[in-house]
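J.: Contents of start-v3.pdb (PDB, C-alpha atoms, pLDDT in the B column) are below:
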```
MODEL        1
ATOM      1  CA  MET A1460      73.860-118.151  42.037  1.00 47.00           C
ATOM      2  CA  THR A1461      70.442-117.845  43.681  1.00 52.00           C
ATOM      3  CA  ILE A1462      70.256-114.093  42.990  1.00 55.00           C
ATOM      4  CA  THR A1463      71.111-114.669  39.346  1.00 76.00           C
ATOM      5  CA  LEU A1464      68.616-117.518  39.157  1.00 77.00           C
ATOM      6  CA  TRP A1465      65.902-115.412  40.840  1.00 78.00           C
ATOM      7  CA  LEU A1466      66.553-112.517  38.456  1.00 76.00           C
ATOM      8  CA  PHE A1467      66.412-114.902  35.493  1.00 77.00           C
ATOM      9  CA  LEU A1468      63.125-116.385  36.669  1.00 81.00           C
ATOM     10  CA  ARG A1469      61.577-112.947  37.185  1.00 80.00           C
ATOM     11  CA  ARG A1470      62.719-111.766  33.746  1.00 79.00           C
ATOM     12  CA  SER A1471      61.586-115.039  32.194  1.00 83.00           C
ATOM     13  CA  LEU A1472      58.095-114.597  33.602  1.00 86.00           C
ATOM     14  CA  TRP A1473      57.785-111.131  32.040  1.00 82.00           C
ATOM     15  CA  PHE A1474      59.423-112.282  28.815  1.00 83.00           C
ATOM     16  CA  GLY A1475      57.083-115.270  28.594  1.00 87.00           C
ATOM     17  CA  LEU A1476      53.999-113.115  29.151  1.00 89.00           C
ATOM     18  CA  VAL A1477      55.047-110.547  26.546  1.00 86.00           C
ATOM     19  CA  ALA A1478      56.058-113.272  24.094  1.00 88.00           C
ATOM     20  CA  ALA A1479      52.714-115.059  24.572  1.00 91.00           C
ATOM     21  CA  ALA A1480      50.789-111.818  24.026  1.00 92.00           C
ATOM     22  CA  CYS A1481      52.771-111.060  20.866  1.00 88.00           C
ATOM     23  CA  TRP A1482      52.298-114.630  19.657  1.00 90.00           C
ATOM     24  CA  ALA A1483      48.540-114.445  20.219  1.00 91.00           C
ATOM     25  CA  VAL A1484      48.267-111.186  18.309  1.00 91.00           C
ATOM     26  CA  LEU A1485      50.563-112.093  15.427  1.00 89.00           C
ATOM     27  CA  THR A1486      49.217-115.606  14.846  1.00 91.00           C
ATOM     28  CA  ALA A1487      45.519-114.878  15.462  1.00 90.00           C
ATOM     29  CA  ASN A1488      45.701-117.028  18.605  1.00 89.00           C
ATOM     30  CA  SER A1489      46.840-120.199  16.853  1.00 90.00           C
ATOM     31  CA  GLY A1490      49.934-122.397  16.742  1.00 89.00           C
ATOM     32  CA  TRP A1491      50.407-122.698  20.484  1.00 91.00           C
ATOM     33  CA  GLY A1492      52.085-126.086  20.122  1.00 91.00           C
ATOM     34  CA  PHE A1493      54.947-124.519  18.214  1.00 92.00           C
ATOM     35  CA  PHE A1494      55.089-121.658  20.724  1.00 91.00           C
ATOM     36  CA  THR A1495      55.499-124.071  23.632  1.00 91.00           C
ATOM     37  CA  LEU A1496      58.487-125.587  21.824  1.00 92.00           C
ATOM     38  CA  LEU A1497      59.935-122.197  20.897  1.00 90.00           C
ATOM     39  CA  LEU A1498      59.632-120.489  24.292  1.00 89.00           C
ATOM     40  CA  PRO A1499      62.148-122.720  26.147  1.00 90.00           C
ATOM     41  CA  LEU A1500      64.674-122.108  23.359  1.00 89.00           C
ATOM     42  CA  LEU A1501      64.154-118.354  23.659  1.00 84.00           C
ATOM     43  CA  LEU A1502      64.536-118.526  27.439  1.00 85.00           C
ATOM     44  CA  LEU A1503      67.728-120.552  27.089  1.00 85.00           C
ATOM     45  CA  TRP A1504      69.048-117.930  24.683  1.00 83.00           C
ATOM     46  CA  GLN A1505      68.134-115.202  27.175  1.00 78.00           C
ATOM     47  CA  TRP A1506      69.983-117.077  29.925  1.00 78.00           C
ATOM     48  CA  HIS A1507      73.224-117.340  27.940  1.00 78.00           C
ATOM     49  CA  TYR A1508      73.097-114.081  25.943  1.00 75.00           C
ATOM     50  CA  PRO A1509      71.057-111.502  27.826  1.00 70.00           C
ATOM     51  CA  LEU A1510      70.501-108.159  26.127  1.00 64.00           C
ATOM     52  CA  PRO A1511      70.546-105.553  28.873  1.00 65.00           C
ATOM     53  CA  MET A1512      68.018-102.805  28.393  1.00 63.00           C
ATOM     54  CA  PRO A1513      69.147 -99.341  29.398  1.00 66.00           C
ATOM     55  CA  ALA A1514      66.983 -97.384  31.814  1.00 78.00           C
ATOM     56  CA  LEU A1515      64.223 -95.455  30.088  1.00 83.00           C
ATOM     57  CA  ARG A1516      63.000 -91.949  30.805  1.00 89.00           C
ATOM     58  CA  TRP A1517      59.332 -92.584  30.088  1.00 87.00           C
ATOM     59  CA  ARG A1518      58.362 -88.913  29.776  1.00 93.00           C
ATOM     60  CA  TYR A1519      60.226 -88.743  26.445  1.00 93.00           C
ATOM     61  CA  LEU A1520      58.535 -91.803  24.927  1.00 91.00           C
ATOM     62  CA  PRO A1521      55.528 -89.956  23.419  1.00 94.00           C
ATOM     63  CA  ALA A1522      57.763 -87.447  21.596  1.00 95.00           C
ATOM     64  CA  CYS A1523      59.928 -90.271  20.265  1.00 94.00           C
ATOM     65  CA  LEU A1524      56.900 -92.223  19.039  1.00 94.00           C
ATOM     66  CA  LEU A1525      55.359 -89.125  17.448  1.00 96.00           C
ATOM     67  CA  LEU A1526      58.564 -88.315  15.571  1.00 95.00           C
ATOM     68  CA  PHE A1527      58.920 -91.910  14.389  1.00 94.00           C
ATOM     69  CA  GLY A1528      55.261 -92.017  13.314  1.00 94.00           C
ATOM     70  CA  ARG A1529      55.636 -88.758  11.394  1.00 95.00           C
ATOM     71  CA  GLN A1530      58.739 -90.069   9.632  1.00 94.00           C
ATOM     72  CA  LEU A1531      56.881 -93.286   8.792  1.00 92.00           C
ATOM     73  CA  LEU A1532      53.962 -91.420   7.220  1.00 94.00           C
ATOM     74  CA  LEU A1533      56.072 -88.936   5.267  1.00 92.00           C
ATOM     75  CA  GLY A1534      58.470 -91.649   4.130  1.00 90.00           C
ATOM     76  CA  GLY A1535      55.624 -93.911   3.067  1.00 90.00           C
ATOM     77  CA  PHE A1536      54.065 -91.096   1.057  1.00 91.00           C
ATOM     78  CA  ASP A1537      57.421 -90.364  -0.614  1.00 88.00           C
ATOM     79  CA  VAL A1538      57.971 -94.023  -1.527  1.00 87.00           C
ATOM     80  CA  ALA A1539      54.428 -94.283  -2.889  1.00 88.00           C
ATOM     81  CA  VAL A1540      54.957 -91.206  -5.071  1.00 88.00           C
ATOM     82  CA  ARG A1541      58.187 -92.708  -6.397  1.00 84.00           C
ATOM     83  CA  ALA A1542      56.545 -96.081  -7.009  1.00 84.00           C
ATOM     84  CA  LEU A1543      53.833 -94.419  -9.077  1.00 88.00           C
ATOM     85  CA  GLY A1544      56.501 -92.786 -11.200  1.00 80.00           C
ATOM     86  CA  TRP A1545      55.841 -89.185 -10.218  1.00 77.00           C
ATOM     87  CA  ARG A1546      59.423 -88.766  -8.977  1.00 73.00           C
ATOM     88  CA  PRO A1547      62.579 -90.391 -10.348  1.00 71.00           C
ATOM     89  CA  LEU A1548      64.161 -93.389  -8.621  1.00 71.00           C
ATOM     90  CA  ASP A1549      67.698 -92.759  -9.844  1.00 75.00           C
ATOM     91  CA  SER A1550      69.201 -91.211  -6.692  1.00 80.00           C
ATOM     92  CA  SER A1551      69.495 -94.234  -4.388  1.00 85.00           C
ATOM     93  CA  ASN A1552      72.894 -95.004  -2.937  1.00 89.00           C
ATOM     94  CA  PHE A1553      74.819 -96.440  -0.015  1.00 93.00           C
ATOM     95  CA  CYS A1554      75.666 -93.859   2.649  1.00 94.00           C
ATOM     96  CA  HIS A1555      77.326 -93.710   6.065  1.00 95.00           C
ATOM     97  CA  TYR A1556      76.050 -92.183   9.295  1.00 96.00           C
ATOM     98  CA  GLN A1557      78.071 -91.865  12.523  1.00 96.00           C
ATOM     99  CA  SER A1558      75.881 -92.464  15.557  1.00 94.00           C
ATOM    100  CA  GLN A1559      76.641 -90.554  18.746  1.00 93.00           C
ATOM    101  CA  LEU A1560      74.716 -92.951  20.990  1.00 91.00           C
ATOM    102  CA  THR A1561      76.889 -94.546  23.662  1.00 88.00           C
ATOM    103  CA  SER A1562      74.980 -97.737  24.466  1.00 84.00           C
ATOM    104  CA  PRO A1563      75.245-100.703  22.069  1.00 85.00           C
ATOM    105  CA  ALA A1564      71.576-101.549  22.744  1.00 82.00           C
ATOM    106  CA  SER A1565      70.427 -98.040  21.808  1.00 87.00           C
ATOM    107  CA  ARG A1566      72.598 -98.120  18.660  1.00 92.00           C
ATOM    108  CA  LEU A1567      70.986-101.407  17.692  1.00 91.00           C
ATOM    109  CA  LEU A1568      67.541 -99.915  18.288  1.00 91.00           C
ATOM    110  CA  LEU A1569      68.446 -96.902  16.134  1.00 94.00           C
ATOM    111  CA  ALA A1570      69.626 -99.203  13.326  1.00 95.00           C
ATOM    112  CA  SER A1571      66.393-101.218  13.574  1.00 93.00           C
ATOM    113  CA  LEU A1572      64.204 -98.108  13.533  1.00 94.00           C
ATOM    114  CA  ILE A1573      66.065 -96.766  10.496  1.00 94.00           C
ATOM    115  CA  SER A1574      65.380-100.045   8.681  1.00 92.00           C
ATOM    116  CA  LEU A1575      61.685 -99.738   9.508  1.00 91.00           C
ATOM    117  CA  LEU A1576      61.477 -96.300   7.893  1.00 91.00           C
ATOM    118  CA  PRO A1577      60.363 -96.373   4.241  1.00 90.00           C
ATOM    119  CA  GLY A1578      63.195 -95.634   1.826  1.00 87.00           C
ATOM    120  CA  THR A1579      66.043 -96.526   4.204  1.00 91.00           C
ATOM    121  CA  CYS A1580      67.704 -99.761   5.210  1.00 91.00           C
ATOM    122  CA  THR A1581      70.570-100.360   7.624  1.00 92.00           C
ATOM    123  CA  ILE A1582      73.184-102.559   5.968  1.00 92.00           C
ATOM    124  CA  SER A1583      75.689-102.791   8.822  1.00 94.00           C
ATOM    125  CA  LEU A1584      76.401-101.420  12.275  1.00 93.00           C
ATOM    126  CA  GLN A1585      80.036-101.142  13.290  1.00 93.00           C
ATOM    127  CA  PRO A1586      81.153-101.322  16.963  1.00 90.00           C
ATOM    128  CA  ASP A1587      82.220 -97.647  16.835  1.00 91.00           C
ATOM    129  CA  GLY A1588      78.662 -96.595  15.913  1.00 91.00           C
ATOM    130  CA  MET A1589      79.165 -96.175  12.165  1.00 95.00           C
ATOM    131  CA  LEU A1590      76.015 -97.165  10.268  1.00 95.00           C
ATOM    132  CA  ARG A1591      76.104 -98.151   6.617  1.00 96.00           C
ATOM    133  CA  LEU A1592      72.743 -97.407   5.056  1.00 95.00           C
ATOM    134  CA  HIS A1593      70.978 -97.743   1.761  1.00 92.00           C
ATOM    135  CA  VAL A1594      68.818 -94.690   1.112  1.00 92.00           C
ATOM    136  CA  LEU A1595      66.265 -94.303  -1.647  1.00 87.00           C
ATOM    137  CA  ASP A1596      67.087 -90.628  -2.200  1.00 86.00           C
ATOM    138  CA  GLN A1597      70.594 -89.510  -1.293  1.00 86.00           C
ATOM    139  CA  THR A1598      69.770 -85.911  -2.252  1.00 85.00           C
ATOM    140  CA  ALA A1599      67.070 -85.701   0.439  1.00 85.00           C
ATOM    141  CA  ASN A1600      67.898 -84.530   3.937  1.00 87.00           C
ATOM    142  CA  TRP A1601      68.016 -88.054   5.388  1.00 91.00           C
ATOM    143  CA  GLN A1602      70.870 -87.135   7.779  1.00 93.00           C
ATOM    144  CA  GLN A1603      68.701 -84.616   9.618  1.00 94.00           C
ATOM    145  CA  GLU A1604      65.832 -87.095   9.954  1.00 93.00           C
ATOM    146  CA  ILE A1605      68.132 -89.770  11.385  1.00 95.00           C
ATOM    147  CA  ALA A1606      69.805 -87.218  13.671  1.00 95.00           C
ATOM    148  CA  ALA A1607      66.381 -86.170  15.007  1.00 95.00           C
ATOM    149  CA  LEU A1608      65.476 -89.807  15.677  1.00 95.00           C
ATOM    150  CA  GLU A1609      68.848 -90.372  17.328  1.00 95.00           C
ATOM    151  CA  TRP A1610      68.379 -87.292  19.511  1.00 95.00           C
ATOM    152  CA  GLN A1611      64.963 -88.544  20.640  1.00 95.00           C
ATOM    153  CA  LEU A1612      66.455 -91.956  21.486  1.00 93.00           C
ATOM    154  CA  ALA A1613      69.288 -90.280  23.419  1.00 93.00           C
ATOM    155  CA  ARG A1614      66.715 -88.377  25.483  1.00 93.00           C
ATOM    156  CA  LEU A1615      64.643 -91.531  25.977  1.00 91.00           C
ATOM    157  CA  PHE A1616      67.649 -93.522  27.217  1.00 88.00           C
ATOM    158  CA  GLY A1617      69.168 -90.624  29.153  1.00 87.00           C
ATOM    159  CA  GLN A1618      72.390 -90.604  27.159  1.00 82.00           C
ATOM    160  CA  SER A1619      74.512 -87.567  26.690  1.00 62.00           C
ATOM    161  CA  GLY A1620      76.875 -87.023  23.799  1.00 49.00           C
ATOM    162  CA  SER A1621      74.321 -86.599  21.062  1.00 47.00           C
ATOM    163  CA  GLY A1622      74.428 -82.829  21.357  1.00 52.00           C
ATOM    164  CA  GLU A1623      71.504 -80.481  21.016  1.00 56.00           C
ATOM    165  CA  GLN A1624      68.357 -81.097  19.076  1.00 61.00           C
ATOM    166  CA  PRO A1625      69.146 -81.206  15.354  1.00 55.00           C
TER     167      PRO A1625
ENDMDL
END
```
Could you rewrite the structure in this file as structure tokens?
T.:
Amino acid sequence: MTITLWLFLRRSLWFGLVAAACWAVLTANSGWGFFTLLLPLLLLWQWHYPLPMPALRWRYLPACLLLFGRQLLLGGFDVAVRALGWRPLDSSNFCHYQSQLTSPASRLLLASLISLLPGTCTISLQPDGMLRLHVLDQTANWQQEIAALEWQLARLFGQSGSGEQP
């Protein structure tokens, strides 16, 4: 019990520091009374339902961030062009994508990153890795973009099974 408690305390210290830094940035350094009430609840949640983070291979992080940033910019430009009426909006649809990632945490991260990309939204994530998505343009090559992001995440987390670079 003491090892588990020590590990929890060490993780809680890091979690509390990161949470406080995020709170300060996102709230313009205000609302600390609410934060002091919220932090114990978050720590209690972490104690009962920890989300294990897979080991990262840090040398692949810059390539992953660059790919994601490029997809954000290109997707944002595409959505802006569609919003201005220069391209039709009539090709949106629900689609499926089978993830090859093996870790549930990395699948959840992939689903979250897909939802952050302009023009795509993850509707559901099945336990077998099947993602149900809403895409703004089903005729675009959205599968290749998601496969490239998935491949970068597989390299970052050191997971095999995602094949070669798409």
J.: Applied to the shown file, which residues does the PyMOL selection byres ((chain A and resi 1550-1554) around 6) return, written as an NGL selection string?
T.: :A and (1548-1549 or 1555 or 1591-1597)
J.: Near Pro1521 of chain A, within 10 Å and counting only C-alpha atoms, which residues show up once chain neighbours fewer than 4 positions away are dropped, as number ranges by chain?
T.: A: 1517, 1525-1527, 1611, 1615
J.: Could you please determine the separation between atom CA of Ala1483 of chain A and atom CA of Leu1497 of chain A in Å, to one decimal place?
T.: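 Taking atom CA of Ala1483 of chain A and atom CA of Leu1497 of chain A, their separation equals 13.8 Å.
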J.: Which residues come within 12 Å of Trp1504 of chain A, counting all atoms listed in the file, excluding same-chain residues fewer than 6 positions away, as a PyMOL selection string?
T.: chain A and resi 1467+1471+1474+1497-1498+1510
J.: As number ranges by chain, please: the residues near segment 1562-1571 of chain A (cut-off 12 Å, only C-alpha atoms, same-chain neighbours under 3 positions excluded).
T.: A: 1509-1515, 1523, 1527, 1555-1559, 1574-1576, 1579-1593, 1604-1621
J.: Taking C-alpha atoms for each residue, export the selection above as an mmCIF file, keeping the file's coordinate frame.
T.:
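Okay, this is what ended up in again-v5.cif:
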```cif
data_model
loop_
_atom_site.group_PDB
_atom_site.id
_atom_site.type_symbol
_atom_site.label_atom_id
_atom_site.label_comp_id
_atom_site.auth_asym_id
_atom_site.auth_seq_id
_atom_site.Cartn_x
_atom_site.Cartn_y
_atom_site.Cartn_z
ATOM 1 C CA PRO A 1509 71.057 -111.502 27.826
ATOM 2 C CA LEU A 1510 70.501 -108.159 26.127
ATOM 3 C CA PRO A 1511 70.546 -105.553 28.873
ATOM 4 C CA MET A 1512 68.018 -102.805 28.393
ATOM 5 C CA PRO A 1513 69.147 -99.341 29.398
ATOM 6 C CA ALA A 1514 66.983 -97.384 31.814
ATOM 7 C CA LEU A 1515 64.223 -95.455 30.088
ATOM 8 C CA CYS A 1523 59.928 -90.271 20.265
ATOM 9 C CA PHE A 1527 58.920 -91.910 14.389
ATOM 10 C CA HIS A 1555 77.326 -93.710 6.065
ATOM 11 C CA TYR A 1556 76.050 -92.183 9.295
ATOM 12 C CA GLN A 1557 78.071 -91.865 12.523
ATOM 13 C CA SER A 1558 75.881 -92.464 15.557
ATOM 14 C CA GLN A 1559 76.641 -90.554 18.746
ATOM 15 C CA SER A 1574 65.380 -100.045 8.681
ATOM 16 C CA LEU A 1575 61.685 -99.738 9.508
ATOM 17 C CA LEU A 1576 61.477 -96.300 7.893
ATOM 18 C CA THR A 1579 66.043 -96.526 4.204
ATOM 19 C CA CYS A 1580 67.704 -99.761 5.210
ATOM 20 C CA THR A 1581 70.570 -100.360 7.624
ATOM 21 C CA ILE A 1582 73.184 -102.559 5.968
ATOM 22 C CA SER A 1583 75.689 -102.791 8.822
ATOM 23 C CA LEU A 1584 76.401 -101.420 12.275
ATOM 24 C CA GLN A 1585 80.036 -101.142 13.290
ATOM 25 C CA PRO A 1586 81.153 -101.322 16.963
ATOM 26 C CA ASP A 1587 82.220 -97.647 16.835
ATOM 27 C CA GLY A 1588 78.662 -96.595 15.913
ATOM 28 C CA MET A 1589 79.165 -96.175 12.165
ATOM 29 C CA LEU A 1590 76.015 -97.165 10.268
ATOM 30 C CA ARG A 1591 76.104 -98.151 6.617
ATOM 31 C CA LEU A 1592 72.743 -97.407 5.056
ATOM 32 C CA HIS A 1593 70.978 -97.743 1.761
ATOM 33 C CA GLU A 1604 65.832 -87.095 9.954
ATOM 34 C CA ILE A 1605 68.132 -89.770 11.385
ATOM 35 C CA ALA A 1606 69.805 -87.218 13.671
ATOM 36 C CA ALA A 1607 66.381 -86.170 15.007
ATOM 37 C CA LEU A 1608 65.476 -89.807 15.677
ATOM 38 C CA GLU A 1609 68.848 -90.372 17.328
ATOM 39 C CA TRP A 1610 68.379 -87.292 19.511
ATOM 40 C CA GLN A 1611 64.963 -88.544 20.640
ATOM 41 C CA LEU A 1612 66.455 -91.956 21.486
ATOM 42 C CA ALA A 1613 69.288 -90.280 23.419
ATOM 43 C CA ARG A 1614 66.715 -88.377 25.483
ATOM 44 C CA LEU A 1615 64.643 -91.531 25.977
ATOM 45 C CA PHE A 1616 67.649 -93.522 27.217
ATOM 46 C CA GLY A 1617 69.168 -90.624 29.153
ATOM 47 C CA GLN A 1618 72.390 -90.604 27.159
ATOM 48 C CA SER A 1619 74.512 -87.567 26.690
ATOM 49 C CA GLY A 1620 76.875 -87.023 23.799
ATOM 50 C CA SER A 1621 74.321 -86.599 21.062
#
```
J.: Just how far from atom CA of Trp1506 of chain A is atom CA of Arg1470 of chain A, in Å to one decimal?
T.: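 Atom CA of Arg1470 of chain A sits 9.8 Å away from atom CA of Trp1506 of chain A.
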J.: On this file, the PyMOL selection byres ((chain A and resi 1537) around 12) gives some set of residues; write that set as a count of residues only.
T.: 25
